Amino acid sequence: MSSAAEIGYEVVRGVTLRANPARDPRFTVVGDQSEMVTLEPGTPESLRELLHTSINNEVQSLEVAAQSLVEFPDAPWDLRMCLARQCWDETRHVHMFLSRLLDRGGWIGEFPIINQEWGTVCSIESLAARLAVQNVTFEAGSLDVLKQGIALWLGWGDAETAGVIEAVLADEIGHTRFGDTWLKTLQTGNPRVVLDVVRTLSGLRRAAVALAPPDEALHEVAVNSADRALAGLDAGGRDPGSRQ
Amino acid sequence: MSLNVNERGDYVATFRWIEVRLMETLAAWVPTTPEMEVKLVFGAHIWDTAQHADMLGKRAAELRLPMHDELAPSPGATDLLAEIAAITETDKRVAAFYNCVLPALETRYRDYLDRVDQLLDGPTVRVIDRILADMARMGTEAVQLLEEAPAVRLADDSWTAELRRREAELGQIVVHRRPAEPVAGAK
């Protein structure tokens, strides 16, 4: 039983991405990172933009997990259960960040959004490789970013948002953990899956370079060793997901 | 006439098949539904339907069936669910799922409860009781959605009524795999 509205593909800066998921007219969807707004960090407007971007990131994570349920109907049932649970978690995260955005005077559609996380992950054809990218790279990277975010929001005097991020971080540990566990399971005794994952991660690095704006400044984010360990990851491992 | 173990297993496996398809339908609708509020409700209910399927699948293994056994319902039912899954308009998706599919499934669950002994089939009764409680909450959340986003309320009630009529006309949807072997005297 597949969706009547199939989502195709598009090419951005030479990288083939899944075309945009549906968004309502309130949103301004851009296709290139250079079209996103750049604001002075720590200003009220930039904090709203952070929350607005977080909302769309969580929506994309919901859509990625949902699409994997659709496109891999023969995946082990227990893995499908993990993806289904992730769907619910991501909807809760959207509500949490939306509440903070509204509380700070923002609104849906206030800033442009970009759907490259969806575009990148859903262009990958195997579930193992999607888990490697979405859960073990992007979500693992978010463990580092979110931990830093708690301190930043506290520093900006917004303990409520810091509390939201703490709750989101706890959920992301679970998403990373199940991704890592199932990735190992799917790879065990199956060198073809291992090669596919390696090839996909190699392509991801090339895509990250191609899609980044030429003048993007990279910020080092400290590795969140404790939460990576809870997720079952090697604390020393770095990946494109922790690059901001 | 009460249902024997084989028949109860077929019902449970059929209900699981339906819940898995509902999960997949909602999952397919999430990226293809523009309205964010609707997308979020569909996304949350993916987890509800997955849990229902999981509970039923585990119960199937207690009724002499493989773990997570599934049994496709009658062709009319599979066709109707496929037709609903293929809906593209948001207002019709919401109306079909919350005003037709869920109420109809609730009726079928309640009909099953009426046909089994609460003690003999106690574990299935508990599973379905929990599912019905979830479905009541899902219905409430759909009502709240329509209050929050009235634009996705289907204006044409006759469309939903026709869908419900077609669902009701399906009648019995469980396709039993073995001949019925009723136990004499058992309720």
# chains A, B, ... in the order shown; residues from 1 in each chain; ligands from 1
>>> interface_residues(of="chain A", to="chain B", cutoff="9 Å", atoms="only C-alpha atoms", output="compact mmCIF listing (two decimals) with all heavy atoms, in the first residue's frame")
# COMPACT_ATOMS: atom_id res chain seq x y z
N MET A 1 0.86 -1.18 0.00
CA MET A 1 0.00 0.00 0.00
C MET A 1 0.90 1.24 0.00
O MET A 1 1.47 1.59 1.02
CB MET A 1 -0.88 -0.02 1.25
CG MET A 1 -2.00 0.95 1.21
SD MET A 1 -2.97 0.87 2.74
CE MET A 1 -3.49 -0.83 2.73
N SER A 2 1.11 1.85 -1.13
CA SER A 2 2.02 2.99 -1.18
C SER A 2 1.23 4.28 -1.33
O SER A 2 0.06 4.27 -1.67
CB SER A 2 2.99 2.84 -2.35
OG SER A 2 2.27 2.82 -3.55
N SER A 3 1.91 5.36 -1.06
CA SER A 3 1.26 6.66 -1.15
C SER A 3 0.97 7.00 -2.60
O SER A 3 1.75 6.68 -3.50
CB SER A 3 2.17 7.72 -0.55
OG SER A 3 1.70 9.00 -0.88
N ALA A 4 -0.15 7.65 -2.79
CA ALA A 4 -0.50 8.06 -4.15
C ALA A 4 0.41 9.18 -4.62
O ALA A 4 0.69 9.32 -5.81
CB ALA A 4 -1.95 8.52 -4.20
N ALA A 5 0.89 9.97 -3.67
CA ALA A 5 1.71 11.12 -4.02
C ALA A 5 3.19 10.75 -3.84
O ALA A 5 3.76 10.97 -2.80
CB ALA A 5 1.34 12.32 -3.16
N GLU A 6 3.77 10.15 -4.85
CA GLU A 6 5.17 9.78 -4.77
C GLU A 6 6.04 11.03 -4.80
O GLU A 6 5.73 12.00 -5.49
CB GLU A 6 5.53 8.87 -5.95
CG GLU A 6 4.77 7.55 -5.98
CD GLU A 6 5.17 6.62 -4.85
OE1 GLU A 6 6.24 6.84 -4.27
OE2 GLU A 6 4.41 5.67 -4.57
N ILE A 7 7.12 10.99 -4.03
CA ILE A 7 8.02 12.14 -3.98
C ILE A 7 9.26 11.80 -4.80
O ILE A 7 9.92 10.79 -4.55
CB ILE A 7 8.38 12.48 -2.53
CG1 ILE A 7 7.10 12.89 -1.77
CG2 ILE A 7 9.41 13.60 -2.48
CD1 ILE A 7 7.31 13.21 -0.31
N ASN A 20 11.44 17.91 -2.16
CA ASN A 20 10.87 18.38 -0.89
C ASN A 20 9.62 17.62 -0.47
O ASN A 20 8.76 17.31 -1.30
CB ASN A 20 10.49 19.86 -1.01
CG ASN A 20 11.67 20.76 -0.78
OD1 ASN A 20 12.33 20.67 0.26
ND2 ASN A 20 11.97 21.62 -1.74
N PRO A 21 9.50 17.34 0.82
CA PRO A 21 8.23 16.86 1.35
C PRO A 21 7.23 18.02 1.33
O PRO A 21 7.61 19.18 1.16
CB PRO A 21 8.58 16.43 2.78
CG PRO A 21 9.75 17.28 3.15
CD PRO A 21 10.51 17.54 1.88
N ALA A 22 5.96 17.70 1.52
CA ALA A 22 4.92 18.74 1.43
C ALA A 22 5.02 19.72 2.60
O ALA A 22 5.22 19.31 3.74
CB ALA A 22 3.54 18.07 1.42
N ARG A 23 4.86 20.99 2.29
CA ARG A 23 4.80 22.05 3.31
C ARG A 23 3.63 22.96 2.97
O ARG A 23 3.34 23.19 1.80
CB ARG A 23 6.09 22.88 3.32
CG ARG A 23 7.32 22.15 3.86
CD ARG A 23 7.24 21.97 5.37
NE ARG A 23 8.42 21.27 5.89
CZ ARG A 23 8.56 19.96 5.94
NH1 ARG A 23 7.59 19.19 5.49
NH2 ARG A 23 9.64 19.40 6.43
N ASP A 24 2.99 23.51 3.99
CA ASP A 24 1.86 24.38 3.72
C ASP A 24 2.35 25.79 3.37
O ASP A 24 3.54 26.11 3.56
CB ASP A 24 0.86 24.36 4.89
CG ASP A 24 1.42 24.91 6.18
OD1 ASP A 24 1.90 26.06 6.18
OD2 ASP A 24 1.34 24.21 7.20
N PRO A 25 1.45 26.62 2.85
CA PRO A 25 1.89 27.90 2.27
C PRO A 25 2.49 28.89 3.27
O PRO A 25 3.09 29.89 2.86
CB PRO A 25 0.59 28.49 1.68
CG PRO A 25 -0.35 27.34 1.57
CD PRO A 25 0.02 26.37 2.63
N VAL A 59 10.45 18.15 12.15
CA VAL A 59 9.46 17.68 11.15
C VAL A 59 10.14 16.77 10.14
O VAL A 59 9.62 15.71 9.77
CB VAL A 59 8.77 18.87 10.46
CG1 VAL A 59 7.92 18.38 9.29
CG2 VAL A 59 7.90 19.65 11.44
N GLN A 60 11.33 17.19 9.69
CA GLN A 60 12.06 16.33 8.73
C GLN A 60 12.40 14.97 9.34
O GLN A 60 12.31 13.94 8.66
CB GLN A 60 13.36 17.01 8.31
CG GLN A 60 13.18 18.20 7.40
CD GLN A 60 14.53 18.80 7.05
OE1 GLN A 60 15.19 18.36 6.12
NE2 GLN A 60 14.94 19.80 7.82
N LEU A 62 10.74 13.40 11.60
CA LEU A 62 9.48 12.65 11.57
C LEU A 62 9.26 12.07 10.17
O LEU A 62 8.93 10.89 10.01
CB LEU A 62 8.31 13.58 11.94
CG LEU A 62 6.90 13.16 11.51
CD1 LEU A 62 6.48 11.87 12.19
CD2 LEU A 62 5.90 14.28 11.81
N GLU A 63 9.45 12.90 9.16
CA GLU A 63 9.18 12.47 7.79
C GLU A 63 10.15 11.37 7.33
O GLU A 63 9.76 10.45 6.62
CB GLU A 63 9.24 13.68 6.85
CG GLU A 63 8.08 14.65 7.12
CD GLU A 63 8.23 15.99 6.43
OE1 GLU A 63 9.37 16.48 6.31
OE2 GLU A 63 7.22 16.55 6.01
N VAL A 64 11.40 11.48 7.77
CA VAL A 64 12.39 10.46 7.40
C VAL A 64 12.01 9.10 8.00
O VAL A 64 12.01 8.08 7.32
CB VAL A 64 13.80 10.88 7.86
CG1 VAL A 64 14.77 9.70 7.77
CG2 VAL A 64 14.32 12.05 7.04
N ALA A 65 11.65 9.11 9.29
CA ALA A 65 11.28 7.85 9.95
C ALA A 65 10.02 7.27 9.31
O ALA A 65 9.92 6.06 9.06
CB ALA A 65 11.07 8.08 11.44
N ALA A 66 9.05 8.14 9.03
CA ALA A 66 7.80 7.68 8.41
C ALA A 66 8.07 7.10 7.02
O ALA A 66 7.54 6.04 6.66
CB ALA A 66 6.80 8.83 8.33
N GLN A 67 8.90 7.79 6.26
CA GLN A 67 9.18 7.32 4.89
C GLN A 67 9.90 5.97 4.91
O GLN A 67 9.68 5.13 4.03
CB GLN A 67 10.02 8.37 4.14
CG GLN A 67 10.15 8.13 2.65
CD GLN A 67 8.85 8.36 1.88
OE1 GLN A 67 7.86 8.84 2.43
NE2 GLN A 67 8.85 8.01 0.61
N SER A 68 10.73 5.75 5.93
CA SER A 68 11.41 4.46 6.03
C SER A 68 10.42 3.34 6.36
O SER A 68 10.59 2.20 5.92
CB SER A 68 12.53 4.52 7.07
OG SER A 68 13.57 5.35 6.60
N LEU A 69 9.39 3.66 7.12
CA LEU A 69 8.34 2.67 7.37
C LEU A 69 7.64 2.30 6.07
O LEU A 69 7.27 1.15 5.85
CB LEU A 69 7.30 3.23 8.36
CG LEU A 69 7.69 3.25 9.83
CD1 LEU A 69 6.64 4.00 10.65
CD2 LEU A 69 7.84 1.83 10.37
N VAL A 70 7.47 3.30 5.21
CA VAL A 70 6.76 3.06 3.94
C VAL A 70 7.64 2.29 2.96
O VAL A 70 7.18 1.34 2.33
CB VAL A 70 6.34 4.41 3.31
CG1 VAL A 70 5.72 4.21 1.94
CG2 VAL A 70 5.36 5.14 4.22
N GLU A 71 8.90 2.70 2.87
CA GLU A 71 9.75 2.17 1.80
C GLU A 71 10.44 0.85 2.15
O GLU A 71 11.02 0.22 1.28
CB GLU A 71 10.78 3.23 1.40
CG GLU A 71 10.08 4.43 0.76
CD GLU A 71 11.03 5.48 0.23
OE1 GLU A 71 12.14 5.64 0.78
OE2 GLU A 71 10.65 6.16 -0.73
N PRO A 73 8.96 -2.11 3.93
CA PRO A 73 7.92 -2.87 4.64
C PRO A 73 8.40 -4.23 5.13
O PRO A 73 7.77 -4.82 6.01
CB PRO A 73 6.82 -3.02 3.58
CG PRO A 73 7.52 -2.89 2.27
CD PRO A 73 8.64 -1.92 2.50
N TRP A 77 10.24 -6.44 12.27
CA TRP A 77 9.15 -5.74 12.95
C TRP A 77 9.66 -4.89 14.12
O TRP A 77 9.21 -3.76 14.32
CB TRP A 77 8.09 -6.73 13.44
CG TRP A 77 7.02 -6.06 14.25
CD1 TRP A 77 6.81 -6.17 15.60
CD2 TRP A 77 6.06 -5.11 13.77
NE1 TRP A 77 5.78 -5.36 15.98
CE2 TRP A 77 5.29 -4.70 14.88
CE3 TRP A 77 5.77 -4.56 12.52
CZ2 TRP A 77 4.25 -3.77 14.78
CZ3 TRP A 77 4.73 -3.63 12.41
CH2 TRP A 77 4.00 -3.26 13.54
N ASP A 78 10.60 -5.42 14.89
CA ASP A 78 11.07 -4.65 16.04
C ASP A 78 11.77 -3.36 15.61
O ASP A 78 11.73 -2.35 16.34
CB ASP A 78 12.01 -5.50 16.91
CG ASP A 78 11.24 -6.58 17.67
OD1 ASP A 78 10.00 -6.47 17.76
OD2 ASP A 78 11.87 -7.53 18.16
N ARG A 80 10.87 -1.70 12.87
CA ARG A 80 9.77 -0.83 12.45
C ARG A 80 9.10 -0.19 13.68
O ARG A 80 8.68 0.97 13.64
CB ARG A 80 8.72 -1.62 11.66
CG ARG A 80 9.27 -2.30 10.41
CD ARG A 80 8.16 -2.85 9.55
NE ARG A 80 7.71 -1.86 8.58
CZ ARG A 80 6.57 -1.94 7.90
NH1 ARG A 80 5.76 -2.95 8.10
NH2 ARG A 80 6.23 -1.00 7.05
N MET A 81 9.06 -0.96 14.77
CA MET A 81 8.51 -0.38 16.01
C MET A 81 9.36 0.80 16.49
O MET A 81 8.83 1.81 16.95
CB MET A 81 8.44 -1.45 17.11
CG MET A 81 7.29 -2.43 16.97
SD MET A 81 5.68 -1.66 17.21
CE MET A 81 5.68 -1.48 19.01
N LEU A 83 11.14 2.78 14.63
CA LEU A 83 10.88 3.90 13.73
C LEU A 83 9.53 4.55 14.04
O LEU A 83 9.38 5.78 13.99
CB LEU A 83 10.92 3.43 12.27
CG LEU A 83 12.30 3.02 11.74
CD1 LEU A 83 12.17 2.25 10.42
CD2 LEU A 83 13.20 4.25 11.56
N ALA A 84 8.54 3.71 14.35
CA ALA A 84 7.21 4.25 14.67
C ALA A 84 7.26 5.07 15.96
O ALA A 84 6.65 6.14 16.05
CB ALA A 84 6.21 3.10 14.82
N ARG A 85 7.99 4.58 16.94
CA ARG A 85 8.14 5.34 18.18
C ARG A 85 8.85 6.66 17.91
O ARG A 85 8.50 7.72 18.47
CB ARG A 85 8.91 4.51 19.21
CG ARG A 85 9.37 5.28 20.44
CD ARG A 85 8.22 5.93 21.20
NE ARG A 85 8.73 6.90 22.16
CZ ARG A 85 8.89 6.63 23.46
NH1 ARG A 85 8.55 5.46 23.94
NH2 ARG A 85 9.38 7.56 24.26
N GLN A 86 9.87 6.60 17.04
CA GLN A 86 10.59 7.84 16.71
C GLN A 86 9.64 8.86 16.10
O GLN A 86 9.74 10.07 16.39
CB GLN A 86 11.76 7.55 15.77
CG GLN A 86 12.61 8.80 15.50
CD GLN A 86 13.77 8.55 14.56
OE1 GLN A 86 14.05 7.42 14.17
NE2 GLN A 86 14.45 9.61 14.19
N CYS A 87 8.70 8.39 15.28
CA CYS A 87 7.73 9.32 14.67
C CYS A 87 7.00 10.10 15.76
O CYS A 87 6.85 11.34 15.67
CB CYS A 87 6.72 8.54 13.82
SG CYS A 87 7.37 7.90 12.27
N TRP A 88 6.53 9.39 16.76
CA TRP A 88 5.80 10.08 17.85
C TRP A 88 6.72 11.07 18.56
O TRP A 88 6.33 12.21 18.84
CB TRP A 88 5.23 9.06 18.83
CG TRP A 88 4.44 9.67 19.95
CD1 TRP A 88 3.49 10.66 19.84
CD2 TRP A 88 4.52 9.36 21.34
NE1 TRP A 88 2.98 10.96 21.08
CE2 TRP A 88 3.60 10.18 22.02
CE3 TRP A 88 5.30 8.46 22.08
CZ2 TRP A 88 3.42 10.13 23.40
CZ3 TRP A 88 5.11 8.40 23.46
CH2 TRP A 88 4.19 9.23 24.10
N ASP A 89 7.94 10.60 18.89
CA ASP A 89 8.87 11.49 19.60
C ASP A 89 9.09 12.79 18.83
O ASP A 89 9.10 13.88 19.40
CB ASP A 89 10.22 10.79 19.80
CG ASP A 89 10.15 9.66 20.82
OD1 ASP A 89 9.19 9.64 21.62
OD2 ASP A 89 11.07 8.81 20.83
N GLU A 90 9.28 12.66 17.51
CA GLU A 90 9.58 13.87 16.73
C GLU A 90 8.38 14.83 16.72
O GLU A 90 8.56 16.04 16.72
CB GLU A 90 9.98 13.50 15.29
CG GLU A 90 11.12 12.48 15.16
CD GLU A 90 12.46 12.90 15.78
OE1 GLU A 90 12.54 13.98 16.39
OE2 GLU A 90 13.43 12.12 15.65
N THR A 91 7.15 14.28 16.72
CA THR A 91 5.99 15.18 16.78
C THR A 91 5.97 15.93 18.11
O THR A 91 5.63 17.11 18.16
CB THR A 91 4.65 14.43 16.61
OG1 THR A 91 4.40 13.59 17.73
CG2 THR A 91 4.63 13.60 15.34
N ARG A 92 6.34 15.24 19.19
CA ARG A 92 6.39 15.91 20.50
C ARG A 92 7.44 17.02 20.49
O ARG A 92 7.23 18.09 21.04
CB ARG A 92 6.71 14.87 21.59
CG ARG A 92 5.58 13.85 21.80
CD ARG A 92 6.03 12.68 22.67
NE ARG A 92 6.85 13.10 23.78
CZ ARG A 92 8.14 12.77 23.95
NH1 ARG A 92 8.76 12.00 23.07
NH2 ARG A 92 8.81 13.21 24.99
N VAL A 94 8.41 18.77 17.95
CA VAL A 94 7.88 19.92 17.19
C VAL A 94 6.99 20.77 18.10
O VAL A 94 7.12 22.00 18.16
CB VAL A 94 7.08 19.45 15.96
CG1 VAL A 94 6.43 20.66 15.26
CG2 VAL A 94 7.97 18.70 14.98
N HIS A 95 6.09 20.12 18.82
CA HIS A 95 5.19 20.86 19.71
C HIS A 95 5.98 21.64 20.76
O HIS A 95 5.64 22.78 21.09
CB HIS A 95 4.20 19.91 20.38
CG HIS A 95 3.11 19.41 19.46
ND1 HIS A 95 2.18 20.25 18.89
CD2 HIS A 95 2.81 18.17 19.01
CE1 HIS A 95 1.35 19.55 18.13
NE2 HIS A 95 1.71 18.28 18.19
>>> residues_around(residues="stretch 112-129 of chain A", least_positions_apart="5", cutoff="8 Å", atoms="only C-alpha atoms", output="MDAnalysis selection string")
chainID A and resid 9 16:21 27:33 35:37 53 56:57 60:61 63:64 67:68 72 134 182:183 186:187 193 196:197 200:201 204
>>> residues_around(residues="stretch 118-120 of chain B", least_positions_apart="6", cutoff="12 Å", atoms="only C-alpha atoms", output="list in words")
Ser2, Leu3, Asn4, Val5, Arg8, Leu63, Tyr112, Arg126, Val127, Ile128, Asp129, Ala186 and Lys187 of chain B
>>> select_by_dssp(residues="chain B", states="alpha helix (DSSP H)", output="VMD selection string")
chain B and resid 5 to 32 36 to 60 75 to 85 90 to 96 102 to 115 122 to 148 157 to 169
>>> closest_residue(among="A:Asp103, A:Glu10, A:Asp158, A:Asp74", to="A:Gly42", atoms="only C-alpha atoms")
A:Asp158
>>> select_by_dssp(residues="stretch 5-193 of chain A", states="strand (DSSP E)", output="PyMOL selection string")
chain A and resi 9-12+15-18+28-30+112-114
>>> write_last_selection(atoms="C-alpha atoms", output="mmCIF file, in the first residue's frame")
data_model
loop_
_atom_site.group_PDB
_atom_site.id
_atom_site.type_symbol
_atom_site.label_atom_id
_atom_site.label_comp_id
_atom_site.auth_asym_id
_atom_site.auth_seq_id
_atom_site.Cartn_x
_atom_site.Cartn_y
_atom_site.Cartn_z
ATOM 1 C CA TYR A 9 14.244 13.579 -6.802
ATOM 2 C CA GLU A 10 16.057 16.825 -7.590
ATOM 3 C CA VAL A 11 19.663 17.865 -8.154
ATOM 4 C CA VAL A 12 21.163 20.640 -5.998
ATOM 5 C CA VAL A 15 23.993 16.337 -5.481
ATOM 6 C CA THR A 16 20.899 14.200 -6.083
ATOM 7 C CA LEU A 17 18.424 14.746 -3.249
ATOM 8 C CA ARG A 18 14.915 13.558 -2.564
ATOM 9 C CA THR A 28 9.093 29.673 2.560
ATOM 10 C CA VAL A 29 11.077 26.653 1.433
ATOM 11 C CA VAL A 30 14.518 27.331 -0.050
ATOM 12 C CA PRO A 112 12.936 30.392 5.473
ATOM 13 C CA ILE A 113 13.370 26.652 5.882
ATOM 14 C CA ILE A 114 15.401 24.067 3.998
#
>>> atom_distance(atom1="atom CA of A:Ile150", atom2="atom CA of A:Glu166")
6.6 Å
>>> residues_around(residues="stretch 144-157 of chain B", least_positions_apart="6", cutoff="8 Å", atoms="only C-alpha atoms", output="PyMOL selection string")
chain B and resi 37-38+41+90-92+94-95
>>> residues_around(residues="B:Arg64", least_positions_apart="2", cutoff="9 Å", atoms="only C-alpha atoms", output="list of chain:residue names")
B:Val5, B:Asn6, B:Gly9, B:Ala60, B:Ala61, B:Glu62, B:Pro66
>>> atom_distance(atom1="atom CA of A:Leu101", atom2="atom CA of A:Leu51")
5.8 Å
>>> atom_distance(atom1="atom CA of A:Leu169", atom2="atom CA of A:Thr181")
18.3 Å
>>> residues_around(residues="A:Trp156", least_positions_apart="3", cutoff="12 Å", atoms="only C-alpha atoms", output="number ranges by chain")
A: 41-44, 46-47, 149-153, 159-162
